[in-house]
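I have placed the structure first, in the form of structure tokens, so that the comments after it can refer back to it.
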Number of protein chains: 2
Amino acid sequence: MNSNPIYPPFTIGIDLGGTNTAFAVVDSVGHILAKDSIPTRTPSVEHWADTLASRISMMISNLDLDGHVEGIGIGAPCANAITGCIEAATNLPWPSPIPLVNMMESRLGLRTVISNDANAAAIGEMTYGAAAGLKNFIVLTLGTSVGGGIVCDGHLLSGTRGFAGELGHVTFPFASDRECSCGRKGCLHTVASAEGITMTAKKMLSESDAPSELREIPVEELTPKKVTQAANNGDRLAKHIYDFTGHCLGKAAAEFAAVTDPEAIILFGGVAKAGDLLLKPMREAFMANALFLYKDRVRFLLSKLDDADAAILGAASLPYL
Amino acid sequence: MNSNPIYPPFTIGIDLGGTNTAFAVVDSVGHILAKDSIPTRTPSVEHWADTLASRISMMISNLDLDGHVEGIGIGAPCANAITGCIEAATNLPWPSPIPLVNMMESRLGLRTVISNDANAAAIGEMTYGAAAGLKNFIVLTLGTSVGGGIVCDGHLLSGTRGFAGELGHVTFPFASDRECSCGRKGCLHTVASAEGITMTAKKMLSESDAPSELREIPVEELTPKKVTQAANNGDRLAKHIYDFTGHCLGKAAAEFAAVTDPEAIILFGGVAKAGDLLLKPMREAFMANALFLYKDRVRFLLSKLDDADAAILGAASLPYL
């Protein structure tokens with residue numbers, strides 16, 4: 001246990017990824033008291049759950065917190081909060097659906113809440129991060145994929161089958177020539193995901209002769225991180241890549257604002273590390289495109305969850321739902 | 001009082017319009033027990049409120065319902081449920097803001113809830129109409145203006161300042177050449193309002209030589225009602241006008257579905273009287289454009305509130321919020 005003051009109650013956050021399952025005991029303000037991980041690629045889901053449960057029990061005992069843990073939160077792709085199952089997760093080694101809530105509750109006797117990554121991010125920001133005290137906001141997760149978690153009137157939107165907030169698959173004219181992995185064209189995902197930014201970089205590099213340090217990188221090795229580094233070095237073409245991406249995000253935000261009237265839109269995930277490179281053009285495009293009711297009323301923020309632990313913290317916040 | 005069975009509890013519904021204020025006592029299943037109206041254009045808002053309160057008191061007494069009325073609901077343009085005020089209503093003769101909730105509660109001692117027309121329509125449909133029993137749906141009000149009322153997870157979305165659900169001002173590429181009264185271009189309002197349909201009619205009439213009975217109507221007298229009549233008479237051009245409008249609504253619905261995962265989208269208001277002329281192309285365009293998660297999962301319905309009383313019923317449902 002670290003030596004900082006700790007604030008009960010405590011929850012367990014579990015970040016179930018395709019390769020590893022990371023988990024931690026977290027206090028009510030987002031301090032991680034202990035953290036560990038196990039491989040996800042075990043022979044069976046039962047074996048995985050047994051191992052995970054016993055390691056969590058041990059962690060709780062080692063911290064002298066038996067009886068003081070309020071619940072378990074699990075963030076995972078395709079986790080459905082309504083059914084309590086993981087449905088059709090192509091990156092997990094076990095057959096779907098996986099009745100994750102039942103599996104953990106029966107092993108640990110602790111209330112378990114699961115959610116997809118974007119919704120966990122939204123509740124994480126509300127509980128410990130940039131949305132503390134906010135009742136109306138949208139988290140856009142910008143990474144391998146683009147997702148959304150919407151809190152409106154203090155409530156995380158779930159929808160009929162738990163599929164509210166699929167903001168990465170709202171389509172926009174600015175991306176109308178880009179094919180999305182969902183089989184449609186023009187999704188926000190195609191410009192604001194890591195792949196989308198790489199695609200914008202390739203396009204801008206091929207369509208101009210402007211000098212850029214990005215030209216020294218083999219095209220198949222381009223990443224948002226490298227574009228950010230170049231932009232921070234003053235590379236104009238790299239900056240234009242984020243100008244375009246931020247502009248698209250700002251126009252998208254103008255449409256989302258008319259649906260849920262948020263007070264803030266928060267960028268989360270690897271791509272969001274571009275920071276002001278994205279936020280500045282995003283704000284400008286929002287101001288140029290939003291209905292008068294929303295102008296000057298929406299703040300654009302970056303996640304305040306510690307990078308390395310953001311997914312675990314999002315998960316740990318779910319029992320507060 | 002009519003002779004049908006009546007179902008307590010009772011509420012008062014008030015439809016505050018620019019010319020008249022209609023009000024009624026309504027039972028819990030949407031039967032109107034008594035209805036009346038007063039002019040809105042009185043010398044002062046205090047005078048209007050005094051008259052309205054005394055007429056409502058009288059109506060309650062005449063029905064022998066003193067002590068049996070649960071609350072008052074008022075539907076009005078620009079009514080803000082959060083502040084309890086009407087804000088900047090250009091069609092009312094009094095200075096804004098008007099503290100409507102306070103004014104009625106102090107006069108009648110009954111809890112009062114106000115809301116804009118589209119949100120009142122959504123709660124009206126949930127309480128007495130097409131959304132009975134539904135927890136996730138969107139009402140699109142199609143009339144002089146286009147509005148939206150969104151219920152997600154059983155909760156009417158309000159947003160930071162009560163401006164959630166402004167779906168008439170989400171923009172779409174299919175309307176990108178149309179200027180909206182809000183000063184922007186491409187709003188759903190510009191194709192799906194009464195004015196939008198008239199504009200589509202004028203455009204289609206001028207761009208083709210196809211025969212149509214609409215050509216016999218002076219262009220400035222075209223209305224959605226006349227287009228509906230012509231379409232129902234088999235007029236092909238009139239049908240095309242609704243094909244286009246329904247197609248736009250279906251594409252819009254595909255985007256809205258990704259935000260709140262609704263089980264139904266309900267059309268309400270004068271333009272919705274076109275019925276299947278709109279619903280059929282709307283369904284088709286939704287199926288062609290929605291993300292796979294939502295396909296076959298959203299029902300498209302028409303309002304079930306009686307036309308003449310829809311606004312009063314929407315208002316009367318507000319105390320159930």
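As shown in the structure tokens, the chain order sets the letters A, B, ...; within each chain, residues go from 1, and ligands are also counted from 1 in the order they appear.
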
>> Distance cut-off 8 Å, counting only C-alpha atoms - which residues of chain A neighbour chain B? Return them as number ranges by chain.
In response: A: 135-136, 152-153, 157-167, 169-173, 182, 184, 255, 257-263, 289, 291-293

Hey, what's within 9 Å of Gly275 in chain B if we count only C-alpha atoms and toss same-chain stuff fewer than 5 positions away? As a PDB file with N, CA, C and O atoms, in the first residue's frame, please?
ATOM      1  N   LEU B 267     -43.004   9.868 -35.250  1.00  0.00           N
ATOM      2  CA  LEU B 267     -43.254  11.142 -35.928  1.00  0.00           C
ATOM      3  C   LEU B 267     -44.523  11.777 -35.382  1.00  0.00           C
ATOM      4  O   LEU B 267     -45.561  11.117 -35.253  1.00  0.00           O
ATOM      5  N   LYS B 280     -42.527   4.922 -45.014  1.00  0.00           N
ATOM      6  CA  LYS B 280     -41.966   3.876 -45.872  1.00  0.00           C
ATOM      7  C   LYS B 280     -40.564   4.252 -46.371  1.00  0.00           C
ATOM      8  O   LYS B 280     -39.606   3.496 -46.132  1.00  0.00           O
ATOM      9  N   LEU B 301     -42.829   4.817 -36.009  1.00  0.00           N
ATOM     10  CA  LEU B 301     -44.235   4.895 -35.628  1.00  0.00           C
ATOM     11  C   LEU B 301     -44.781   6.309 -35.822  1.00  0.00           C
ATOM     12  O   LEU B 301     -44.024   7.280 -35.866  1.00  0.00           O
ATOM     13  N   LEU B 302     -46.107   6.374 -35.887  1.00  0.00           N
ATOM     14  CA  LEU B 302     -46.763   7.682 -35.894  1.00  0.00           C
ATOM     15  C   LEU B 302     -47.334   7.958 -34.507  1.00  0.00           C
ATOM     16  O   LEU B 302     -47.700   7.023 -33.777  1.00  0.00           O
TER      17      LEU B 302
END

> Tell me, which residues of range 57-236 of chain A carry DSSP helix (DSSP H, G or I), written as an NGL selection string?
Replying inline: :A and (57-62 or 100-108 or 117-128 or 167-169 or 173-175 or 189-192 or 194-207 or 213-216 or 219-221 or 224-232 or 236)

>> Let me make sure I understand: among A:Lys295, A:Lys273, A:Arg41, A:Arg111, which one has the smallest atom-to-atom distance to Asp307 in chain A if we use only C-alpha atoms?
In response: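 Among A:Lys295, A:Lys273, A:Arg41, A:Arg111, it is A:Lys273 that comes nearest to Asp307 in chain A.
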
>> I want to know what sits within 12 Å of Pro43 in chain B, based on only C-alpha atoms, with residues of the same chain fewer than 6 positions away left out; could you give that as a list in words?
In response: Ala49, Asp50, Thr51, Leu92, Pro93, Trp94 and Pro95 of chain B

> Which of range 10-211 of chain A counts as strand (DSSP E) under DSSP, as number ranges by chain please?
Replying inline: A: 10-16, 20-26, 32-39, 69-75, 79-80, 85-86, 112-115, 137-142, 146-152, 155-156

>> My list of candidates is B:Ile241, B:Ile72, B:Ile86, B:Ile265. Which is closest to Leu100 in chain B when distances are computed with only C-alpha atoms?
In response: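 Among B:Ile241, B:Ile72, B:Ile86, B:Ile265, it is B:Ile86 that comes nearest to Leu100 in chain B.
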
> Taking only C-alpha atoms into account, which of B:Gly71, B:Gly314, B:Pro39, B:Pro9 comes nearest Thr21 in chain B?
Replying inline: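 For Thr21 in chain B, the nearest of the given residues is B:Pro39.
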
> Closest to Val26 in chain A among A:Pro97, A:Gly143, A:Pro218, A:Pro319, using only C-alpha atoms?
Replying inline: A:Pro319
